[in-house]
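Contents: one structure, followed by commentary.
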Amino acid sequence: MNGTTGTPENSRVIVVGSGPTGLLLAGDLAAAGIPVTLLEKRPHEISNLSRAFVLHARALEQLDARPSPTTTPNGRAARAPLARSLADDLEAVGRPITRMNLFDGLTLDLGALPSRFNHVLVLPQYEVEKVLERRAAEAGVDFRHDCEVTGLTQDADGVTVRVKGREDLRAAYVVGTDGMRSVVREAVGLPFPGRSAIRSVVLADVLLAEKPETLLTAAAVGDAFAFLAPFGDGYHRVICWHRGRDVPDHEPVDLDEIKEITRLALGRDYGMHDARWMSRFHSDERQVPSYRVGRVFLAGDAAHVHTPAGGQGMNTGLQDAANLSWKLAAVLRGHADPALLDTYQSERHPVGRTVLRSSGAIVRLAMAKGWQLPVRAALATALDHFAPARRKAVGQVTGIGYRYPAPRGAHRLTGTRVPDLALAGGGRLYEALRGGRFVLVTPGSYDPGTERADRLTVARWASDRRTTLLVRPDGYVAWAAGSARAPEIEQALATHLG
């Protein structure tokens with residue numbers, strides 16, 4: 001049972017929904033030795049009908065902290081060394097860009113980001129799902145497709161999940177990563193307050209007769225907005241919207257409508273032709289009041305949805321998963337008090353709320369008209385010339401600017417994201433994190449003994465810095481001290497590792 005306690009049902013986690021959030025979460029748990037069943041109502045396939053197209057720096061850092069699978073899609077042993085990460089796999093197929101153009105000449109320059117990933121990686125969501133699914137399968141996740149969850153009940157000992165046409169399943173915890181129309185969310189009675197921010201958005205996958213000048217092409221003119229992004233297989237995804245066109249989602253879409261809106265927003269339609277898929281949808285801004293109800297958790301779009309501006313949706317869900325997975329594993333392996341799970345709400349709910357507001361603000365500014373235009377221009381000028389405001393905006397969009405609450409009196413670094421530190425011997429922090437353990441970074445040697453060997457990696461600074469850091473598996477500071485002796489370190493390890 002790889003260190004888990006009790007029977008498989010008492011230590012099992014059921015994840016509902018096999019998008020990027022569910023795949024990362026399930027893979028993390030299985031890699032930690034936790035029995036995981038992943039339920040998906042769709043047949044087994046990787047859909048190319050995704051709306052997400054970018055990975056930001058913080059999500060890439062999380063993926064850099066996870067080793068690449070040791071097998072290829074055809075089941076053969078991979079040639080890549082174990083030092084290769086999931087981020088390396090995706091960097092090999094994606095296309096990086098270092099500048100994001102917004103409006104009124106405002107450009108977010110990502111080249112100065114304090115991250116190994118000082119860019120946005122452009123690639124369709126299905127490429128992310130391929131890598132995450134292969135890793136989850138290798139870790140031992142029990143995949144069950146064509147399994148439609150119809151409800152659940154929970155008690156003091158676990159959760160019973162009802163599956164259409166099949167026997168009930170039992171687990172210690174359930175995580176709903178089943179999207180905006182989450183059955184898990186409905187089953188625990190949580191509301192999903194909010195509103196539709198943009199109605200009648202149309203999308204299509206098209207071939208282009210003319211190549212766009214930039215990798216990501218977006219603009220808003222008057223009442224029209226359009227966005228173009230490459231799939232990598234010759235097709236482009238086009239997403240567009242016209243303020244005056246408000247029709248139900250089921251209204252048919254034709255290519256002429258998409259070309260017309262694109263011409264209004266971008267000046268030309270790039271010779272769009274041969275659409276292989278078209279659809280219409282509306283974009284909501286919603287968030288549940290609580291990410292946890294008893295033994296049931298929500299993550300990704302099941303917990304929060306917002307406009308696609310800034311490309312933060314998939315990235316926020318991946319970070320939800322990275323935050324929750326190590327906590328569930330620690331509790332189920334008997335190394336942490338179940339109260340640790342409450343910090344998922346206190347840490348991730350404020351981030352989801354901020355993403356909802358910032359993405360909404362980008363859309364509203366992009367679609368400004370009339371008296372709003374001078375206000376938008378003034379804001380663009382302020383961001384362009386005021387470095388602290390620009391850093392804050394970049395930090396929110398890329399995810400590297402968030403920090404988690406820290407206890408009163410804690411060291412100022414507690415709760416902050418740790419950049420990819422250089423370690424003695426030529427290694428990096430995010431390489432050390434690939435074991436799924438805490439990492440203790442010290443200025444000198446420290447012997448933790450064998451008791452915590454499966455939960456702790458000890459490393460030394462490559463520099464002469466004197467701070468001691470205890471880094472959580474998700475790359476945030478659990479504890480820090482300016483000058484720590486062995487008894488203080490031991491107390492910190494007892495508090496955070498058990």
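Residues are referred to by chain and number: the chain letter is A, B, ... according to the order shown in the structure tokens, the number counts from 1 in that chain, and ligands are numbered separately from 1 in the order shown.
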Residue set, range 312-399 of chain A restricted to alpha helix (DSSP H), as a PyMOL selection string:
chain A and resi 313-332+343-366+372-385+387-398
For the selection you just gave me, I'd like the residues written to a file as a PDB file, in the first residue's frame, keeping C-alpha atoms.
```pdb
ATOM      1  CA  GLY A 313      -8.114  29.210 -16.710  1.00  0.00           C
ATOM      2  CA  MET A 314      -6.144  25.992 -17.233  1.00  0.00           C
ATOM      3  CA  ASN A 315      -3.197  27.479 -15.354  1.00  0.00           C
ATOM      4  CA  THR A 316      -5.264  28.254 -12.257  1.00  0.00           C
ATOM      5  CA  GLY A 317      -6.733  24.746 -12.245  1.00  0.00           C
ATOM      6  CA  LEU A 318      -3.281  23.155 -12.459  1.00  0.00           C
ATOM      7  CA  GLN A 319      -2.165  25.202  -9.466  1.00  0.00           C
ATOM      8  CA  ASP A 320      -5.309  24.158  -7.537  1.00  0.00           C
ATOM      9  CA  ALA A 321      -4.283  20.542  -8.143  1.00  0.00           C
ATOM     10  CA  ALA A 322      -0.669  21.146  -7.093  1.00  0.00           C
ATOM     11  CA  ASN A 323      -1.846  22.739  -3.844  1.00  0.00           C
ATOM     12  CA  LEU A 324      -4.334  20.012  -2.905  1.00  0.00           C
ATOM     13  CA  SER A 325      -2.517  16.855  -3.972  1.00  0.00           C
ATOM     14  CA  TRP A 326       0.384  16.911  -1.516  1.00  0.00           C
ATOM     15  CA  LYS A 327      -1.965  17.767   1.357  1.00  0.00           C
ATOM     16  CA  LEU A 328      -4.278  14.846   0.626  1.00  0.00           C
ATOM     17  CA  ALA A 329      -1.278  12.535   0.340  1.00  0.00           C
ATOM     18  CA  ALA A 330       0.180  13.727   3.652  1.00  0.00           C
ATOM     19  CA  VAL A 331      -3.121  13.211   5.483  1.00  0.00           C
ATOM     20  CA  LEU A 332      -3.836   9.808   3.933  1.00  0.00           C
ATOM     21  CA  THR A 343      -5.728  25.359   4.052  1.00  0.00           C
ATOM     22  CA  TYR A 344      -6.746  24.452   0.498  1.00  0.00           C
ATOM     23  CA  GLN A 345      -9.704  26.808   0.904  1.00  0.00           C
ATOM     24  CA  SER A 346      -7.779  29.577   2.667  1.00  0.00           C
ATOM     25  CA  GLU A 347      -4.961  29.508   0.098  1.00  0.00           C
ATOM     26  CA  ARG A 348      -6.673  28.860  -3.237  1.00  0.00           C
ATOM     27  CA  HIS A 349     -10.065  30.571  -2.894  1.00  0.00           C
ATOM     28  CA  PRO A 350      -8.553  34.094  -2.701  1.00  0.00           C
ATOM     29  CA  VAL A 351      -6.421  33.323  -5.766  1.00  0.00           C
ATOM     30  CA  GLY A 352      -9.479  32.170  -7.717  1.00  0.00           C
ATOM     31  CA  ARG A 353     -11.312  35.356  -6.739  1.00  0.00           C
ATOM     32  CA  THR A 354      -8.411  37.527  -7.899  1.00  0.00           C
ATOM     33  CA  VAL A 355      -8.148  35.676 -11.225  1.00  0.00           C
ATOM     34  CA  LEU A 356     -11.881  36.161 -11.784  1.00  0.00           C
ATOM     35  CA  ARG A 357     -11.548  39.900 -11.211  1.00  0.00           C
ATOM     36  CA  SER A 358      -8.349  40.411 -13.213  1.00  0.00           C
ATOM     37  CA  SER A 359      -9.513  38.438 -16.259  1.00  0.00           C
ATOM     38  CA  GLY A 360     -12.818  40.306 -16.200  1.00  0.00           C
ATOM     39  CA  ALA A 361     -11.005  43.629 -16.011  1.00  0.00           C
ATOM     40  CA  ILE A 362      -8.882  42.760 -19.059  1.00  0.00           C
ATOM     41  CA  VAL A 363     -11.995  41.969 -21.120  1.00  0.00           C
ATOM     42  CA  ARG A 364     -13.820  45.111 -20.036  1.00  0.00           C
ATOM     43  CA  LEU A 365     -10.809  47.273 -20.792  1.00  0.00           C
ATOM     44  CA  ALA A 366     -10.278  45.612 -24.166  1.00  0.00           C
ATOM     45  CA  GLN A 372     -14.108  54.577 -21.138  1.00  0.00           C
ATOM     46  CA  LEU A 373     -11.430  54.909 -23.815  1.00  0.00           C
ATOM     47  CA  PRO A 374      -9.504  57.818 -22.197  1.00  0.00           C
ATOM     48  CA  VAL A 375      -9.614  55.936 -18.872  1.00  0.00           C
ATOM     49  CA  ARG A 376      -8.174  52.841 -20.552  1.00  0.00           C
ATOM     50  CA  ALA A 377      -5.455  54.885 -22.235  1.00  0.00           C
ATOM     51  CA  ALA A 378      -4.505  56.490 -18.916  1.00  0.00           C
ATOM     52  CA  LEU A 379      -4.314  53.091 -17.254  1.00  0.00           C
ATOM     53  CA  ALA A 380      -2.127  51.724 -20.047  1.00  0.00           C
ATOM     54  CA  THR A 381       0.219  54.702 -19.668  1.00  0.00           C
ATOM     55  CA  ALA A 382       0.387  54.235 -15.890  1.00  0.00           C
ATOM     56  CA  LEU A 383       1.195  50.537 -16.198  1.00  0.00           C
ATOM     57  CA  ASP A 384       3.788  51.260 -18.850  1.00  0.00           C
ATOM     58  CA  HIS A 385       5.611  53.803 -16.673  1.00  0.00           C
ATOM     59  CA  ALA A 387       7.143  49.522 -12.510  1.00  0.00           C
ATOM     60  CA  PRO A 388       5.483  48.258  -9.279  1.00  0.00           C
ATOM     61  CA  ALA A 389       2.037  48.247 -10.906  1.00  0.00           C
ATOM     62  CA  ARG A 390       3.421  46.530 -14.001  1.00  0.00           C
ATOM     63  CA  ARG A 391       5.139  43.861 -11.888  1.00  0.00           C
ATOM     64  CA  LYS A 392       1.908  43.226  -9.999  1.00  0.00           C
ATOM     65  CA  ALA A 393      -0.062  42.836 -13.231  1.00  0.00           C
ATOM     66  CA  VAL A 394       2.526  40.459 -14.693  1.00  0.00           C
ATOM     67  CA  GLY A 395       2.672  38.510 -11.437  1.00  0.00           C
ATOM     68  CA  GLN A 396      -1.096  37.985 -11.422  1.00  0.00           C
ATOM     69  CA  VAL A 397      -1.362  36.938 -15.057  1.00  0.00           C
ATOM     70  CA  THR A 398       1.605  34.542 -14.889  1.00  0.00           C
TER      71      THR A 398
END
```
Proximity of range 129-201 of chain A to range 295-305 of chain A: per-residue shortest pair, 9 Å limit, only C-alpha atoms, as a Markdown table:
```
| residue | atom | partner | partner_atom | distance |
| --- | --- | --- | --- | --- |
| A:Gln154 | CA | A:Arg295 | CA | 7.1 |
| A:Asp155 | CA | A:Arg295 | CA | 8.3 |
| A:Ala156 | CA | A:Arg295 | CA | 8.5 |
| A:Asp157 | CA | A:Arg295 | CA | 8.8 |
| A:Gly158 | CA | A:Arg295 | CA | 6.8 |
| A:Val159 | CA | A:Arg295 | CA | 6.9 |
| A:Ala172 | CA | A:Arg295 | CA | 7.2 |
| A:Tyr173 | CA | A:Arg295 | CA | 5.0 |
| A:Val174 | CA | A:Val296 | CA | 4.9 |
| A:Val175 | CA | A:Phe297 | CA | 4.6 |
| A:Gly176 | CA | A:Leu298 | CA | 4.7 |
| A:Thr177 | CA | A:Ala299 | CA | 5.3 |
| A:Asp178 | CA | A:Ala302 | CA | 5.8 |
| A:Gly179 | CA | A:Ala302 | CA | 4.4 |
| A:Met180 | CA | A:Ala302 | CA | 4.9 |
| A:Arg181 | CA | A:Ala302 | CA | 7.0 |
| A:Ser182 | CA | A:Ala302 | CA | 5.3 |
| A:Val183 | CA | A:Ala302 | CA | 8.7 |
| A:Val184 | CA | A:Leu298 | CA | 7.8 |
| A:Arg185 | CA | A:Ala302 | CA | 6.8 |
| A:Val188 | CA | A:Val296 | CA | 7.8 |
| A:Phe192 | CA | A:Ala303 | CA | 8.0 |
```
If we count only C-alpha atoms and set the cut-off at 6 Å, which residues sit around range 88-102 of chain A, ignoring sequence neighbours fewer than 5 positions away in its own chain? Please answer as an MDAnalysis selection string.
chainID A and resid 107:111 119:123
